[in-house]
>>> print(open('structure_36.cif').read())   # mmCIF, C-alpha atoms; chains and numbers go by the auth columns
data_structure
loop_
_atom_site.group_PDB
_atom_site.id
_atom_site.type_symbol
_atom_site.label_atom_id
_atom_site.label_comp_id
_atom_site.label_asym_id
_atom_site.label_seq_id
_atom_site.Cartn_x
_atom_site.Cartn_y
_atom_site.Cartn_z
_atom_site.B_iso_or_equiv
_atom_site.auth_seq_id
_atom_site.auth_asym_id
ATOM 1 C CA MET A 1 4.583 5.020 4.828 0.00 1 A
ATOM 2 C CA LEU A 2 5.708 2.144 6.956 0.00 2 A
ATOM 3 C CA ASP A 3 4.513 0.936 10.339 0.00 3 A
ATOM 4 C CA GLY A 4 6.660 2.445 13.091 0.00 4 A
ATOM 5 C CA MET A 5 5.658 0.100 15.902 0.00 5 A
ATOM 6 C CA TYR A 6 8.534 -1.288 17.948 0.00 6 A
ATOM 7 C CA TYR A 7 8.161 -4.793 16.504 0.00 7 A
ATOM 8 C CA ASN A 8 8.780 -3.328 13.033 0.00 8 A
ATOM 9 C CA THR A 9 11.779 -1.208 14.055 0.00 9 A
ATOM 10 C CA ASP A 10 13.717 -3.281 16.628 0.00 10 A
ATOM 11 C CA GLY A 11 15.898 -5.191 14.166 0.00 11 A
ATOM 12 C CA ASP A 12 18.793 -4.176 11.955 0.00 12 A
ATOM 13 C CA ALA A 13 16.924 -4.665 8.667 0.00 13 A
ATOM 14 C CA ASP A 14 13.332 -3.584 9.106 0.00 14 A
ATOM 15 C CA ASN A 15 11.088 -0.567 8.566 0.00 15 A
ATOM 16 C CA ASP A 16 13.279 2.197 10.006 0.00 16 A
ATOM 17 C CA GLU A 17 16.235 1.075 7.873 0.00 17 A
ATOM 18 C CA ILE A 18 13.993 0.889 4.786 0.00 18 A
ATOM 19 C CA VAL A 19 12.772 4.464 5.400 0.00 19 A
ATOM 20 C CA ALA A 20 16.345 5.692 5.852 0.00 20 A
ATOM 21 C CA ASN A 21 17.517 3.927 2.664 0.00 21 A
ATOM 22 C CA ILE A 22 14.633 5.228 0.538 0.00 22 A
ATOM 23 C CA ASN A 23 15.204 8.798 1.717 0.00 23 A
ATOM 24 C CA LYS A 24 18.980 8.507 1.258 0.00 24 A
ATOM 25 C CA MET A 25 18.655 7.073 -2.288 0.00 25 A
ATOM 26 C CA SER A 26 16.037 9.594 -3.369 0.00 26 A
ATOM 27 C CA LYS A 27 18.234 12.473 -2.215 0.00 27 A
ATOM 28 C CA LYS A 28 21.400 10.991 -3.764 0.00 28 A
ATOM 29 C CA ASP A 29 19.739 10.180 -7.100 0.00 29 A
ATOM 30 C CA ASN A 30 17.508 13.280 -7.125 0.00 30 A
ATOM 31 C CA ILE A 31 14.333 11.174 -7.236 0.00 31 A
ATOM 32 C CA SER A 32 11.004 12.573 -6.095 0.00 32 A
ATOM 33 C CA ALA A 33 10.363 9.976 -3.392 0.00 33 A
ATOM 34 C CA ALA A 34 10.138 9.970 0.382 0.00 34 A
ATOM 35 C CA ALA A 35 9.372 7.526 3.156 0.00 35 A
ATOM 36 C CA GLN A 36 8.303 7.908 6.762 0.00 36 A
ATOM 37 C CA LEU A 37 7.362 5.786 9.748 0.00 37 A
ATOM 38 C CA LYS A 38 3.830 6.092 11.083 0.00 38 A
ATOM 39 C CA LEU A 39 2.801 5.376 14.647 0.00 39 A
ATOM 40 C CA PRO A 40 -0.757 4.775 15.835 0.00 40 A
ATOM 41 C CA ASP A 41 -2.746 7.934 16.444 0.00 41 A
ATOM 42 C CA GLU A 42 -6.359 9.006 16.721 0.00 42 A
ATOM 43 C CA TYR A 43 -7.342 7.968 13.200 0.00 43 A
ATOM 44 C CA ILE A 44 -4.809 5.278 12.220 0.00 44 A
ATOM 45 C CA THR A 45 -4.484 2.498 14.780 0.00 45 A
ATOM 46 C CA LYS A 46 -2.615 0.041 12.549 0.00 46 A
ATOM 47 C CA LEU A 47 -0.858 0.522 9.243 0.00 47 A
ATOM 48 C CA HIS A 48 -1.424 -2.733 7.398 0.00 48 A
ATOM 49 C CA ASN A 49 -2.119 -1.818 3.768 0.00 49 A
ATOM 50 C CA LYS A 50 0.424 -2.758 1.146 0.00 50 A
ATOM 51 C CA GLY A 51 -0.073 -0.660 -1.925 0.00 51 A
ATOM 52 C CA MET A 52 1.351 1.613 -4.535 0.00 52 A
ATOM 53 C CA ILE A 53 0.025 4.290 -6.883 0.00 53 A
ATOM 54 C CA VAL A 54 1.920 4.676 -10.176 0.00 54 A
ATOM 55 C CA ASP A 55 1.569 7.701 -12.464 0.00 55 A
ATOM 56 C CA MET A 56 -2.001 8.269 -11.220 0.00 56 A
ATOM 57 C CA LYS A 57 -3.040 5.450 -13.557 0.00 57 A
ATOM 58 C CA TYR A 58 -2.301 2.209 -11.698 0.00 58 A
ATOM 59 C CA VAL A 59 -3.029 1.088 -8.132 0.00 59 A
ATOM 60 C CA LEU A 60 -1.484 -1.972 -6.488 0.00 60 A
ATOM 61 C CA ILE A 61 -3.451 -3.404 -3.553 0.00 61 A
ATOM 62 C CA SER A 62 -1.762 -6.375 -2.003 0.00 62 A
ATOM 63 C CA SER A 63 -1.261 -8.595 1.019 0.00 63 A
ATOM 64 C CA ILE A 64 2.456 -8.888 0.222 0.00 64 A
ATOM 65 C CA ASN A 65 4.851 -7.503 2.831 0.00 65 A
ATOM 66 C CA TRP A 66 7.828 -5.865 1.145 0.00 66 A
ATOM 67 C CA ASN A 67 10.445 -8.195 2.507 0.00 67 A
ATOM 68 C CA TYR A 68 12.146 -11.395 1.374 0.00 68 A
ATOM 69 C CA ASN A 69 9.934 -13.808 3.311 0.00 69 A
ATOM 70 C CA SER A 70 6.496 -12.660 2.214 0.00 70 A
ATOM 71 C CA PRO A 71 6.643 -13.243 -1.564 0.00 71 A
ATOM 72 C CA ASN A 72 8.955 -16.239 -1.293 0.00 72 A
ATOM 73 C CA ASN A 73 7.383 -18.250 1.525 0.00 73 A
ATOM 74 C CA ASN A 74 3.785 -17.088 2.007 0.00 74 A
ATOM 75 C CA ARG A 75 0.597 -17.452 0.007 0.00 75 A
ATOM 76 C CA GLU A 76 -0.013 -13.851 -0.995 0.00 76 A
ATOM 77 C CA ALA A 77 -2.414 -12.089 -3.323 0.00 77 A
ATOM 78 C CA GLY A 78 -2.378 -8.733 -5.020 0.00 78 A
ATOM 79 C CA ILE A 79 -4.133 -6.874 -7.730 0.00 79 A
ATOM 80 C CA ILE A 80 -3.176 -4.039 -10.049 0.00 80 A
ATOM 81 C CA ILE A 81 -6.051 -1.787 -11.064 0.00 81 A
ATOM 82 C CA LYS A 82 -5.636 0.397 -14.155 0.00 82 A
ATOM 83 C CA ASN A 83 -8.162 3.135 -13.508 0.00 83 A
ATOM 84 C CA GLU A 84 -7.556 6.859 -13.004 0.00 84 A
ATOM 85 C CA GLU A 85 -10.590 7.271 -10.701 0.00 85 A
ATOM 86 C CA SER A 86 -9.262 4.497 -8.446 0.00 86 A
ATOM 87 C CA SER A 87 -5.813 6.090 -8.496 0.00 87 A
ATOM 88 C CA GLU A 88 -7.273 9.442 -7.485 0.00 88 A
ATOM 89 C CA TYR A 89 -9.295 7.833 -4.695 0.00 89 A
ATOM 90 C CA PHE A 90 -6.314 6.014 -3.176 0.00 90 A
ATOM 91 C CA SER A 91 -4.025 9.008 -3.717 0.00 91 A
ATOM 92 C CA GLU A 92 -6.333 11.275 -1.720 0.00 92 A
ATOM 93 C CA ILE A 93 -6.477 8.773 1.138 0.00 93 A
ATOM 94 C CA PHE A 94 -2.681 8.418 1.048 0.00 94 A
ATOM 95 C CA GLN A 95 -2.166 12.208 1.135 0.00 95 A
ATOM 96 C CA TYR A 96 -4.554 12.450 4.080 0.00 96 A
ATOM 97 C CA ASP A 97 -2.550 9.855 6.016 0.00 97 A
ATOM 98 C CA TRP A 98 0.885 11.167 4.926 0.00 98 A
ATOM 99 C CA ASN A 99 0.097 14.721 6.026 0.00 99 A
ATOM 100 C CA ASP A 100 -1.613 13.731 9.283 0.00 100 A
ATOM 101 C CA ASN A 101 -4.567 15.788 8.122 0.00 101 A
ATOM 102 C CA PRO A 102 -6.850 16.347 11.113 0.00 102 A
ATOM 103 C CA ASP A 103 -9.699 17.583 8.921 0.00 103 A
ATOM 104 C CA LYS A 104 -12.467 15.320 7.717 0.00 104 A
ATOM 105 C CA LEU A 105 -11.482 13.176 4.759 0.00 105 A
ATOM 106 C CA GLU A 106 -13.571 13.981 1.698 0.00 106 A
ATOM 107 C CA ILE A 107 -12.810 11.928 -1.372 0.00 107 A
ATOM 108 C CA GLY A 108 -13.134 13.337 -4.868 0.00 108 A
ATOM 109 C CA ASP A 109 -15.297 16.424 -4.241 0.00 109 A
ATOM 110 C CA SER A 110 -18.578 14.592 -4.910 0.00 110 A
ATOM 111 C CA LYS A 111 -17.015 12.211 -7.462 0.00 111 A
ATOM 112 C CA GLN A 112 -17.689 8.568 -6.790 0.00 112 A
ATOM 113 C CA ILE A 113 -15.405 5.663 -7.494 0.00 113 A
ATOM 114 C CA ASP A 114 -17.018 2.714 -9.191 0.00 114 A
ATOM 115 C CA LEU A 115 -16.357 0.020 -6.597 0.00 115 A
ATOM 116 C CA ARG A 116 -17.763 -2.614 -8.940 0.00 116 A
ATOM 117 C CA HIS A 117 -14.432 -2.645 -10.809 0.00 117 A
ATOM 118 C CA ILE A 118 -12.533 -3.268 -7.589 0.00 118 A
ATOM 119 C CA LEU A 119 -14.969 -5.979 -6.496 0.00 119 A
ATOM 120 C CA VAL A 120 -14.705 -7.792 -9.837 0.00 120 A
ATOM 121 C CA ALA A 121 -10.909 -7.590 -9.710 0.00 121 A
ATOM 122 C CA VAL A 122 -10.794 -8.957 -6.145 0.00 122 A
ATOM 123 C CA ILE A 123 -13.092 -11.838 -7.106 0.00 123 A
ATOM 124 C CA ILE A 124 -10.862 -12.674 -10.072 0.00 124 A
ATOM 125 C CA VAL A 125 -7.761 -12.724 -7.851 0.00 125 A
ATOM 126 C CA LEU A 126 -9.512 -14.953 -5.304 0.00 126 A
ATOM 127 C CA LEU A 127 -10.597 -17.371 -8.036 0.00 127 A
ATOM 128 C CA LEU A 128 -7.019 -17.490 -9.351 0.00 128 A
ATOM 129 C CA VAL A 129 -5.684 -18.211 -5.855 0.00 129 A
ATOM 130 C CA ILE A 130 -8.249 -21.012 -5.356 0.00 130 A
ATOM 131 C CA TRP A 131 -7.418 -22.454 -8.782 0.00 131 A
ATOM 132 C CA GLN A 132 -3.686 -22.352 -7.988 0.00 132 A
ATOM 133 C CA LEU A 133 -4.230 -24.071 -4.619 0.00 133 A
ATOM 134 C CA LYS A 134 -6.287 -26.845 -6.252 0.00 134 A
ATOM 135 C CA ARG A 135 -3.597 -27.366 -8.910 0.00 135 A
ATOM 136 C CA ARG A 136 -0.978 -27.951 -6.195 0.00 136 A
ATOM 137 C CA ARG A 137 -3.010 -30.750 -4.567 0.00 137 A
#
>>> encode(input="structure_36.cif", output="structure tokens")
Amino acid sequence: MLDGMYYNTDGDADNDEIVANINKMSKKDNISAAAQLKLPDEYITKLHNKGMIVDMKYVLISSINWNYNSPNNNREAGIIIKNEESSEYFSEIFQYDWNDNPDKLEIGDSKQIDLRHILVAVIIVLLLVIWQLKRRR
């Protein structure tokens, strides 16, 4: 899912071209992948998350835009969580958004994700970023 706002689709190499290329390559190479543009609606007003779920085992949560400039010229942070409960949690939210599900979002059928793992991981990433910034001074 990529943001479909005009400022992300006006150019010749932005979100609408990325969506077209992903869908073209997945069809050509027979890969189970798809992309779509999302516009603001009643429950998503801005699509800002940068993430990925891999094999229902790993979750990437990141500030990194998927373009040349972001990882090469910005101070970005990201974390990879290896946890199947976290993967399930984020997968259910993604499916809700992808399908424009108007029903109430219910995560995990009474299962709870242990947010302590995510909090610890975020703190570790922040400490690493601070350490890296101090090293550069």
>>> resolve_selection(input="structure_36.cif", expression="the PyMOL selection byres ((chain A and resi 6-16) around 12)", output="PDB file with C-alpha atoms, in the frame of the given file")
ATOM      1  CA  MET A   1       4.583   5.020   4.828  1.00  0.00           C
ATOM      2  CA  LEU A   2       5.708   2.144   6.956  1.00  0.00           C
ATOM      3  CA  ASP A   3       4.513   0.936  10.339  1.00  0.00           C
ATOM      4  CA  GLY A   4       6.660   2.445  13.091  1.00  0.00           C
ATOM      5  CA  MET A   5       5.658   0.100  15.902  1.00  0.00           C
ATOM      6  CA  GLU A  17      16.235   1.075   7.873  1.00  0.00           C
ATOM      7  CA  ILE A  18      13.993   0.889   4.786  1.00  0.00           C
ATOM      8  CA  VAL A  19      12.772   4.464   5.400  1.00  0.00           C
ATOM      9  CA  ALA A  20      16.345   5.692   5.852  1.00  0.00           C
ATOM     10  CA  ASN A  21      17.517   3.927   2.664  1.00  0.00           C
ATOM     11  CA  ILE A  22      14.633   5.228   0.538  1.00  0.00           C
ATOM     12  CA  ASN A  23      15.204   8.798   1.717  1.00  0.00           C
ATOM     13  CA  ALA A  35       9.372   7.526   3.156  1.00  0.00           C
ATOM     14  CA  GLN A  36       8.303   7.908   6.762  1.00  0.00           C
ATOM     15  CA  LEU A  37       7.362   5.786   9.748  1.00  0.00           C
ATOM     16  CA  LYS A  38       3.830   6.092  11.083  1.00  0.00           C
ATOM     17  CA  LEU A  39       2.801   5.376  14.647  1.00  0.00           C
ATOM     18  CA  PRO A  40      -0.757   4.775  15.835  1.00  0.00           C
ATOM     19  CA  LYS A  46      -2.615   0.041  12.549  1.00  0.00           C
ATOM     20  CA  LEU A  47      -0.858   0.522   9.243  1.00  0.00           C
ATOM     21  CA  HIS A  48      -1.424  -2.733   7.398  1.00  0.00           C
ATOM     22  CA  ASN A  65       4.851  -7.503   2.831  1.00  0.00           C
ATOM     23  CA  TRP A  66       7.828  -5.865   1.145  1.00  0.00           C
ATOM     24  CA  ASN A  67      10.445  -8.195   2.507  1.00  0.00           C
ATOM     25  CA  TYR A  68      12.146 -11.395   1.374  1.00  0.00           C
TER      26      TYR A  68
END
>>> resolve_selection(input="structure_36.cif", expression="the PyMOL selection byres ((chain A and resi 88) around 10)", output="PyMOL selection string")
chain A and resi 53+56-59+83-87+89-94+107-108+113
>>> atom_distance(input="structure_36.cif", atom1="atom CA of Ile61 of chain A", atom2="atom CA of Leu128 of chain A")
15.6 Å
>>> atom_distance(input="structure_36.cif", atom1="atom CA of Lys134 of chain A", atom2="atom CA of Lys50 of chain A")
26.1 Å
>>> atom_distance(input="structure_36.cif", atom1="atom CA of Met52 of chain A", atom2="atom CA of Trp98 of chain A")
13.5 Å
>>> residues_around(input="structure_36.cif", residues="Gly51 of chain A", least_positions_apart="5", cutoff="9 Å", atoms="only C-alpha atoms", output="mmCIF file with C-alpha atoms, in the frame of the given file")
data_model
loop_
_atom_site.group_PDB
_atom_site.id
_atom_site.type_symbol
_atom_site.label_atom_id
_atom_site.label_comp_id
_atom_site.auth_asym_id
_atom_site.auth_seq_id
_atom_site.Cartn_x
_atom_site.Cartn_y
_atom_site.Cartn_z
ATOM 1 C CA VAL A 59 -3.029 1.088 -8.132
ATOM 2 C CA LEU A 60 -1.484 -1.972 -6.488
ATOM 3 C CA ILE A 61 -3.451 -3.404 -3.553
ATOM 4 C CA SER A 62 -1.762 -6.375 -2.003
ATOM 5 C CA SER A 63 -1.261 -8.595 1.019
ATOM 6 C CA ILE A 64 2.456 -8.888 0.222
ATOM 7 C CA GLY A 78 -2.378 -8.733 -5.020
#
>>> closest_residue(input="structure_36.cif", among="A:Ala77, A:Asp97, A:Asp55, A:Lys27", to="Leu127 of chain A", atoms="all atoms listed in the file")
A:Ala77
